[in-house]
$ cat model.tsv   # TSV, C-alpha atoms and all ligand atoms
chain	number	residue	atom	x	y	z
C	144	MET	CA	118.89	96.97	72.65
C	145	LYS	CA	122.55	97.71	73.24
C	146	ALA	CA	123.17	98.20	76.95
C	147	PHE	CA	124.60	101.71	77.09
C	148	CYS	CA	124.14	102.45	80.76
C	149	ASP	CA	124.25	100.73	84.15
C	150	VAL	CA	122.44	102.34	87.06
C	151	HIS	CA	122.96	99.58	89.65
C	152	LEU	CA	126.62	99.50	90.70
C	153	HIS	CA	128.28	98.89	94.05
C	154	ASN	CA	131.87	99.51	95.02
C	155	TYR	CA	134.02	99.01	98.13
C	156	LEU	CA	131.68	101.24	100.14
C	157	SER	CA	129.21	98.32	100.17
C	158	SER	CA	130.57	95.89	102.76
C	159	CYS	CA	129.27	92.92	100.70
C	160	SER	CA	131.61	93.88	97.83
C	161	PRO	CA	134.22	91.12	97.55
C	162	ASP	CA	136.68	93.58	95.99
C	163	ARG	CA	138.01	96.02	98.57
C	164	THR	CA	140.01	97.74	95.81
C	165	ALA	CA	136.85	98.60	93.84
C	166	THR	CA	137.19	102.38	93.92
C	167	ALA	CA	134.95	104.83	92.10
C	168	GLU	CA	137.82	105.55	89.73
C	169	LYS	CA	138.25	101.87	88.73
C	170	THR	CA	134.51	101.49	88.15
C	171	ILE	CA	134.42	104.58	85.94
C	172	LEU	CA	137.44	103.41	83.96
C	173	LYS	CA	135.79	100.01	83.40
C	174	ALA	CA	132.56	101.69	82.33
C	175	ALA	CA	134.51	103.69	79.75
C	176	GLU	CA	136.22	100.51	78.50
C	177	LEU	CA	132.83	98.84	78.11
C	178	GLY	CA	131.49	101.82	76.17
C	179	LEU	CA	128.87	102.75	78.77
C	180	LYS	CA	127.60	106.32	78.48
C	181	ARG	CA	126.00	106.70	81.91
C	182	ILE	CA	126.45	104.94	85.23
C	183	CYS	CA	125.03	105.37	88.70
C	184	PHE	CA	126.65	104.26	91.95
C	185	THR	CA	124.04	102.61	94.15
C	186	ASN	CA	125.74	101.42	97.31
C	187	HIS	CA	123.63	99.92	100.10
C	188	ILE	CA	122.37	102.76	102.27
C	189	TRP	CA	120.10	103.08	105.29
C	190	ASP	CA	119.42	106.74	105.95
C	191	GLU	CA	120.42	107.50	109.53
C	192	ARG	CA	117.26	109.62	109.91
C	193	VAL	CA	115.19	106.39	109.81
C	194	SER	CA	115.19	104.13	112.88
C	195	GLY	CA	115.26	100.35	112.63
C	196	ALA	CA	118.57	99.65	110.83
C	197	ASN	CA	120.13	96.25	111.42
C	198	GLY	CA	123.82	95.70	112.17
C	199	MET	CA	124.90	95.86	108.55
C	200	TYR	CA	122.91	98.98	107.76
C	201	ARG	CA	124.10	100.82	110.86
C	202	LYS	CA	127.48	100.96	109.06
C	203	HIS	CA	125.96	101.94	105.69
C	204	THR	CA	124.71	105.39	106.57
C	205	LEU	CA	124.01	108.07	104.01
C	206	ALA	CA	126.88	110.18	105.41
C	207	PHE	CA	129.30	107.25	105.05
C	208	CYS	CA	128.29	106.31	101.50
C	209	MET	CA	128.10	109.88	100.19
C	210	GLN	CA	131.87	110.17	100.60
C	211	ILE	CA	131.87	108.70	97.09
C	212	LYS	CA	131.07	112.19	95.80
C	213	THR	CA	134.58	113.29	96.80
C	214	GLN	CA	136.11	110.19	95.17
C	215	ILE	CA	134.85	110.71	91.63
C	216	PRO	CA	137.79	111.94	89.54
C	217	ALA	CA	137.50	115.11	87.46
C	218	ASP	CA	138.18	113.13	84.27
C	219	THR	CA	135.47	110.49	83.88
C	220	HIS	CA	136.59	109.43	80.37
C	221	GLY	CA	133.35	110.59	78.83
C	222	VAL	CA	131.14	108.56	81.19
C	223	HIS	CA	128.36	110.53	82.84
C	224	VAL	CA	128.41	109.55	86.52
C	225	LEU	CA	125.43	109.75	88.88
C	226	VAL	CA	125.34	109.06	92.60
C	227	GLY	CA	122.35	107.21	93.94
C	228	ALA	CA	121.65	104.51	96.49
C	229	GLU	CA	120.15	101.07	96.90
C	230	THR	CA	118.23	101.38	100.12
C	231	GLU	CA	116.07	98.74	101.83
C	232	TYR	CA	112.40	97.99	102.14
C	233	CYS	CA	111.41	95.72	105.00
C	234	GLY	CA	108.04	94.38	103.91
C	235	ARG	CA	107.49	92.57	107.22
C	236	ASN	CA	107.01	95.88	109.06
C	237	LYS	CA	106.66	98.31	106.12
C	238	THR	CA	109.87	100.19	106.91
C	239	LEU	CA	111.62	102.11	104.13
C	240	GLY	CA	115.29	102.83	104.83
C	241	MET	CA	115.33	106.24	103.15
C	242	SER	CA	113.65	109.52	104.01
C	243	ALA	CA	112.67	112.22	101.54
C	244	GLU	CA	115.14	114.49	103.31
C	245	GLY	CA	117.95	111.98	102.67
C	246	ALA	CA	116.85	111.44	99.08
C	247	ARG	CA	117.69	115.09	98.35
C	248	GLU	CA	121.36	114.03	98.36
C	249	LEU	CA	120.79	111.45	95.61
C	250	ASP	CA	120.36	111.45	91.83
C	251	PHE	CA	118.43	108.17	91.87
C	252	LEU	CA	117.03	105.67	94.36
C	253	LEU	CA	116.79	101.92	93.91
C	254	ILE	CA	114.50	100.13	96.34
C	255	PRO	CA	114.57	96.35	96.67
C	256	HIS	CA	111.58	94.54	98.12
C	257	SER	CA	113.23	91.13	97.73
C	258	HIS	CA	116.27	91.03	100.03
C	259	VAL	CA	114.53	88.10	101.70
C	260	HIS	CA	117.88	86.59	102.69
C	261	MET	CA	117.83	89.09	105.56
C	262	ALA	CA	115.69	86.80	107.67
C	263	ASN	CA	113.42	88.41	110.25
C	264	PHE	CA	114.51	91.85	109.06
C	265	VAL	CA	113.07	92.07	105.54
C	266	MET	CA	110.88	88.92	105.68
C	267	ASP	CA	109.77	86.82	108.65
C	268	ASP	CA	110.93	83.22	108.56
C	269	PRO	CA	108.29	80.74	107.43
C	270	ALA	CA	107.39	78.56	110.45
C	271	PRO	CA	109.57	75.52	109.55
C	272	LEU	CA	112.66	77.71	109.17
C	273	ALA	CA	111.96	79.51	112.45
C	274	ALA	CA	111.72	76.08	114.12
C	275	ALA	CA	114.99	74.97	112.50
C	276	ARG	CA	116.71	78.12	113.73
C	277	ALA	CA	115.41	77.53	117.27
C	278	ASN	CA	116.52	73.89	117.12
C	279	LEU	CA	120.05	74.83	116.05
C	280	LYS	CA	120.24	77.54	118.71
C	281	GLU	CA	119.26	75.03	121.38
C	282	LYS	CA	122.02	72.68	120.23
C	283	LEU	CA	124.59	75.49	120.34
C	284	LEU	CA	123.51	76.56	123.84
C	285	ALA	CA	123.99	72.98	125.03
C	286	ILE	CA	127.74	73.42	124.41
C	287	PRO	CA	129.33	74.71	127.64
C	288	GLY	CA	130.62	78.28	127.36
C	289	ILE	CA	128.50	79.38	124.39
C	290	THR	CA	126.44	82.43	125.27
C	291	GLU	CA	122.97	83.40	124.10
C	292	ALA	CA	124.44	86.34	122.15
C	293	GLN	CA	126.98	84.08	120.41
C	294	ALA	CA	124.28	81.54	119.51
C	295	ASN	CA	122.05	84.29	118.11
C	296	ALA	CA	124.89	85.76	116.05
C	297	TRP	CA	125.63	82.30	114.64
C	298	VAL	CA	122.08	81.32	113.82
C	299	SER	CA	120.51	84.57	112.61
C	300	PRO	CA	122.20	84.96	109.19
C	301	LEU	CA	121.80	81.29	108.19
C	302	ARG	CA	119.41	80.24	105.47
C	303	LEU	CA	118.76	77.16	103.40
C	304	PRO	CA	120.59	74.88	102.75
C	305	ALA	CA	122.61	75.51	105.94
C	306	LEU	CA	119.45	75.18	108.05
C	307	GLU	CA	118.25	72.04	106.28
C	308	PRO	CA	119.83	69.54	108.72
C	309	PHE	CA	118.03	71.24	111.61
C	310	LEU	CA	114.51	71.18	110.16
C	311	THR	CA	112.04	69.56	112.55
C	312	GLU	CA	109.18	69.60	110.04
C	313	PRO	CA	109.06	69.62	106.21
C	314	ILE	CA	109.95	72.95	104.64
C	315	GLY	CA	106.53	72.99	102.96
C	316	ASP	CA	105.45	75.38	100.25
C	317	LEU	CA	108.33	77.85	100.28
C	318	ALA	CA	107.60	79.06	96.73
C	319	GLY	CA	104.06	79.95	97.79
C	320	TYR	CA	105.30	81.69	100.94
C	321	LEU	CA	107.78	83.76	98.93
C	322	ALA	CA	105.12	84.62	96.31
C	323	ARG	CA	102.69	85.90	98.96
C	324	PHE	CA	105.40	87.90	100.71
C	325	LEU	CA	106.78	89.52	97.54
C	326	VAL	CA	103.32	90.46	96.22
C	327	ASP	CA	102.46	92.04	99.58
C	328	SER	CA	105.79	93.83	99.96
C	329	PHE	CA	105.70	95.19	96.39
C	330	GLU	CA	102.21	96.53	96.97
C	331	SER	CA	102.85	98.00	100.42
C	332	LEU	CA	106.01	99.67	99.14
C	333	LEU	CA	104.03	101.38	96.37
C	334	GLU	CA	101.59	102.65	98.99
C	335	HIS	CA	104.32	103.94	101.34
C	336	PRO	CA	103.82	107.66	102.08
C	337	GLU	CA	107.57	108.38	102.18
C	338	LEU	CA	107.99	106.85	98.69
C	339	HIS	CA	105.36	109.27	97.39
C	340	LYS	CA	107.38	112.20	98.80
C	341	ILE	CA	110.65	110.85	97.33
C	342	LEU	CA	109.04	110.45	93.91
C	343	LYS	CA	108.48	114.21	93.80
C	344	LEU	CA	112.27	114.69	94.12
C	345	ILE	CA	114.21	111.99	92.24
C	346	PRO	CA	113.65	108.95	89.96
C	347	VAL	CA	112.94	105.70	91.81
C	348	ALA	CA	113.04	102.10	90.57
C	349	ILE	CA	112.50	98.68	92.13
C	350	ALA	CA	115.74	96.69	92.28
C	351	HIS	CA	115.57	93.05	91.17
C	352	PRO	CA	111.76	92.85	91.42
C	353	PHE	CA	110.38	89.45	92.46
C	354	GLN	CA	113.86	87.92	92.61
C	355	PRO	CA	114.05	86.41	96.10
C	356	VAL	CA	117.71	86.91	97.07
C	357	GLY	CA	119.09	83.79	98.73
C	358	TYR	CA	116.23	81.66	97.38
C	359	THR	CA	116.85	82.08	93.65
C	360	LYS	CA	116.32	78.39	92.91
C	361	TYR	CA	112.66	79.00	93.78
C	362	THR	CA	112.28	82.08	91.53
C	363	GLU	CA	110.63	80.47	88.52
C	364	GLU	CA	108.34	78.23	90.61
C	365	MET	CA	107.42	81.21	92.75
C	366	LEU	CA	106.65	83.48	89.77
C	367	ALA	CA	104.45	80.77	88.25
C	368	ARG	CA	102.21	81.10	91.35
C	369	ILE	CA	101.54	84.77	90.67
C	370	GLU	CA	98.81	85.07	88.08
C	371	ASP	CA	98.69	87.67	85.30
C	372	PRO	CA	95.91	89.82	86.87
C	373	ILE	CA	98.00	90.28	90.03
C	374	PHE	CA	101.05	91.42	88.07
C	375	GLN	CA	98.77	93.61	85.93
C	376	ARG	CA	97.44	95.33	89.06
C	377	LEU	CA	100.89	95.77	90.66
C	378	PHE	CA	102.67	97.03	87.56
C	379	GLY	CA	99.71	99.26	86.67
C	380	LYS	CA	100.20	100.96	90.05
C	381	ALA	CA	103.96	101.26	89.50
C	382	ALA	CA	103.38	102.80	86.06
C	383	ASP	CA	100.84	105.31	87.46
C	384	LEU	CA	103.33	106.37	90.14
C	385	GLY	CA	106.26	106.53	87.70
C	386	VAL	CA	108.24	103.89	89.63
C	387	GLY	CA	110.71	102.14	87.32
C	388	ILE	CA	111.31	98.41	87.03
C	389	GLU	CA	114.86	97.08	86.89
C	390	ILE	CA	116.06	94.66	84.23
C	391	ASN	CA	119.20	92.87	85.40
C	392	PRO	CA	121.33	89.90	84.26
C	393	CYS	CA	119.03	87.41	86.08
C	394	CYS	CA	115.91	88.22	84.05
C	395	ASN	CA	116.53	85.60	81.36
C	396	ALA	CA	114.03	82.90	82.39
C	397	PRO	CA	110.51	82.25	81.07
C	398	GLN	CA	108.45	83.35	84.08
C	399	MET	CA	110.63	86.42	84.55
C	400	LEU	CA	110.01	87.35	80.90
C	401	ARG	CA	106.25	86.86	81.36
C	402	MET	CA	106.36	89.23	84.33
C	403	LEU	CA	108.42	91.88	82.54
C	404	LYS	CA	106.16	91.67	79.48
C	405	ILE	CA	103.20	92.50	81.70
C	406	ALA	CA	105.14	95.41	83.21
C	407	LYS	CA	105.84	96.73	79.71
C	408	ASP	CA	102.24	96.27	78.59
C	409	ARG	CA	101.03	98.19	81.67
C	410	GLY	CA	103.27	101.12	80.71
C	411	CYS	CA	106.11	100.72	83.20
C	412	LEU	CA	109.45	102.30	82.34
C	413	PHE	CA	112.61	100.30	82.96
C	414	THR	CA	116.16	100.70	84.24
C	415	LEU	CA	119.20	98.58	83.38
C	416	GLY	CA	121.49	97.40	86.17
C	417	SER	CA	124.25	94.82	86.47
C	418	ASP	CA	124.27	94.89	90.31
C	419	ALA	CA	128.04	94.41	89.91
C	420	HIS	CA	129.91	94.62	93.21
C	421	SER	CA	133.29	94.86	91.46
C	422	PRO	CA	134.58	96.20	88.10
C	423	ASP	CA	135.40	92.55	87.24
C	424	THR	CA	131.72	91.68	86.78
C	425	MET	CA	130.49	94.86	85.09
C	426	GLU	CA	130.31	93.07	81.71
C	427	ASP	CA	127.21	91.38	83.14
C	428	ILE	CA	125.24	94.43	82.03
C	429	PHE	CA	125.34	93.00	78.50
C	430	LYS	CA	123.36	89.96	79.71
C	431	THR	CA	120.34	92.28	79.70
C	432	GLU	CA	120.55	92.59	75.90
C	433	PRO	CA	118.78	89.30	74.99
C	434	VAL	CA	116.03	90.22	77.47
C	435	THR	CA	115.40	93.72	76.10
C	436	LYS	CA	115.57	92.31	72.59
C	437	ILE	CA	112.95	89.60	73.12
C	438	LEU	CA	110.65	92.02	74.96
C	439	GLY	CA	111.08	94.78	72.36
C	440	ILE	CA	112.37	97.20	74.97
C	441	GLU	CA	113.99	100.23	73.38
C	442	GLU	CA	115.24	103.58	74.64
C	443	LYS	CA	111.72	104.99	74.81
C	444	HIS	CA	110.83	102.30	77.37
C	445	LEU	CA	113.63	103.39	79.74
C	446	MET	CA	113.29	105.94	82.52
C	447	PRO	CA	114.32	109.29	80.98
C	448	PHE	CA	117.24	109.83	83.39
C	449	LEU	CA	119.06	106.86	81.79
C	450	ILE	CA	119.30	108.54	78.43
C	451	PRO	CA	122.57	110.46	78.04
V	1	ZN	ZN	119.92	94.26	96.04
V	2	ZN	ZN	122.59	95.88	94.55
$ encode --input "model.tsv" --output "structure tokens"
Amino acid sequence: MKAFCDVHLHNYLSSCSPDRTATAEKTILKAAELGLKRICFTNHIWDERVSGANGMYRKHTLAFCMQIKTQIPADTHGVHVLVGAETEYCGRNKTLGMSAEGARELDFLLIPHSHVHMANFVMDDPAPLAAARANLKEKLLAIPGITEAQANAWVSPLRLPALEPFLTEPIGDLAGYLARFLVDSFESLLEHPELHKILKLIPVAIAHPFQPVGYTKYTEEMLARIEDPIFQRLFGKAADLGVGIEINPCCNAPQMLRMLKIAKDRGCLFTLGSDAHSPDTMEDIFKTEPVTKILGIEEKHLMPFLIP
């Protein structure tokens, strides 16, 4: 299927965007150049009504990110522009970073359950990584003048392979750990009472499902651990609730295709998203075309709000 829309787009309002000149206007212009009919801005947002934001999300409030509504030019070159959000789901303590009240300001909500690179915020460290972090922190504190706060700030965002030299025990079965976490977090998200309220208001989809951000080299091995009946159960629930499943440029691997095929067979509807953080990478949306083609995904398999 020709990719005619992209409902997962960041711009400069997401602090992880490498392109500080990525304005709404530039994104819209690029969408028009690419022939896209509908786009949705989905900057990272933690609704300030919900407690528990980390340092990054304290800056990405709903009020801050909704300024984009005043930045969309009157002439959108024929592109239909929606304003949504990519919020956060912290599976480790079942916290959803968006309230139903906040969702009223959005056209669409993307929820990731797989931002596992945010260690000890989204997912608890597996024991060997926690030990490596503690080991490195101890070494930093042994340097005169380094404070506890400085050591914590240094160590907290690190992940493999940066932590590898500080492992004190083998990393063990990380693929299995990730598989268990992502199955649990997907399921607990679908059971979250606030999600059920939001679903009565706006369309919701899962961003990059079962793609462990920061650990992508483990993705295929991890997916192979999750058997068909588990995916059938999870995607059956998503379909019953009307929660969409995102297809993005990273879906082109065998285990990922097996998973998406099950989602389709269980009746899930899909969204298309490049997850571009700059207009320069928006062409990536076309990398979804071989995936939709091989899976036989057509317009009727997309969430209705994607259709212009
Ligand atoms: Zn994401
Ligand atoms: Zn994103």
$ closest_residue --input "model.tsv" --among "C:His258, C:Lys280, C:Arg163, C:Arg181" --to "ligand ZN 2 (chain V)" --atoms "all atoms listed in the file"
C:His258
$ atom_distance --input "model.tsv" --atom1 "CA of Ser421 in chain C" --atom2 "CA of Lys169 in chain C"
9.0 Å
$ residues_around --input "model.tsv" --residues "Leu156 in chain C" --least-positions-apart "2" --cutoff "9 Å" --atoms "all atoms listed in the file" --output "PyMOL selection string"
chain C and resi 153-154+158-160+163+165-166+186-187+203+207-208+210-211
$ closest_residue --input "model.tsv" --among "C:Val434, C:Ala275, C:Ala348, C:Met261" --to "Met399 in chain C" --atoms "only C-alpha atoms"
C:Val434
$ closest_atom_pairs --input "model.tsv" --of "chain C" --to "ligand ZN 2 (chain V)" --cutoff "9 Å" --atoms "only C-alpha atoms and all ligand atoms" --output "Markdown table"
| residue | atom | partner | partner_atom | distance |
| --- | --- | --- | --- | --- |
| C:His151 | CA | V:ZN2 | ZN | 6.2 |
| C:Leu152 | CA | V:ZN2 | ZN | 6.6 |
| C:His153 | CA | V:ZN2 | ZN | 6.5 |
| C:Thr185 | CA | V:ZN2 | ZN | 6.9 |
| C:Asn186 | CA | V:ZN2 | ZN | 6.9 |
| C:His187 | CA | V:ZN2 | ZN | 6.9 |
| C:Ala228 | CA | V:ZN2 | ZN | 8.9 |
| C:Glu229 | CA | V:ZN2 | ZN | 6.2 |
| C:Thr230 | CA | V:ZN2 | ZN | 9.0 |
| C:Leu253 | CA | V:ZN2 | ZN | 8.4 |
| C:Pro255 | CA | V:ZN2 | ZN | 8.3 |
| C:Ala350 | CA | V:ZN2 | ZN | 7.3 |
| C:His351 | CA | V:ZN2 | ZN | 8.3 |
| C:Gly416 | CA | V:ZN2 | ZN | 8.6 |
| C:Ser417 | CA | V:ZN2 | ZN | 8.3 |
| C:Asp418 | CA | V:ZN2 | ZN | 4.7 |
| C:Ala419 | CA | V:ZN2 | ZN | 7.3 |
| C:His420 | CA | V:ZN2 | ZN | 7.5 |
$ atom_distance --input "model.tsv" --atom1 "CA of Ala396 in chain C" --atom2 "CA of His444 in chain C"
20.3 Å
$ closest_residue --input "model.tsv" --among "C:Leu310, C:Val226, C:Ala243, C:Met266" --to "Arg323 in chain C" --atoms "all atoms listed in the file"
C:Met266
$ closest_residue --input "model.tsv" --among "C:Glu312, C:Asp408, C:Glu389, C:Glu281" --to "ligand ZN 1 (chain V)" --atoms "only C-alpha atoms and all ligand atoms"
C:Glu389
$ atom_distance --input "model.tsv" --atom1 "CA of Tyr358 in chain C" --atom2 "CA of Asn197 in chain C"
20.6 Å
$ closest_residue --input "model.tsv" --among "C:Leu342, C:Leu306, C:Val347, C:Val259" --to "ligand ZN 1 (chain V)" --atoms "only C-alpha atoms and all ligand atoms"
C:Val259
$ axis_aligned_box --input "model.tsv" --around "range 196-212 of chain C" --padding-each-side "4 Å" --output "AutoDock Vina command-line options"
--center_x 125.2 --center_y 103.9 --center_z 104.0 --size_x 21.3 --size_y 24.5 --size_z 24.4
$ residues_around --input "model.tsv" --residues "Pro352 in chain C" --least-positions-apart "3" --cutoff "9 Å" --atoms "all atoms listed in the file" --output "list in words"
Pro255, His256, Ser257, Leu325, Phe329, Ile349, Pro355, Ile388, Glu389 and Ile390 of chain C
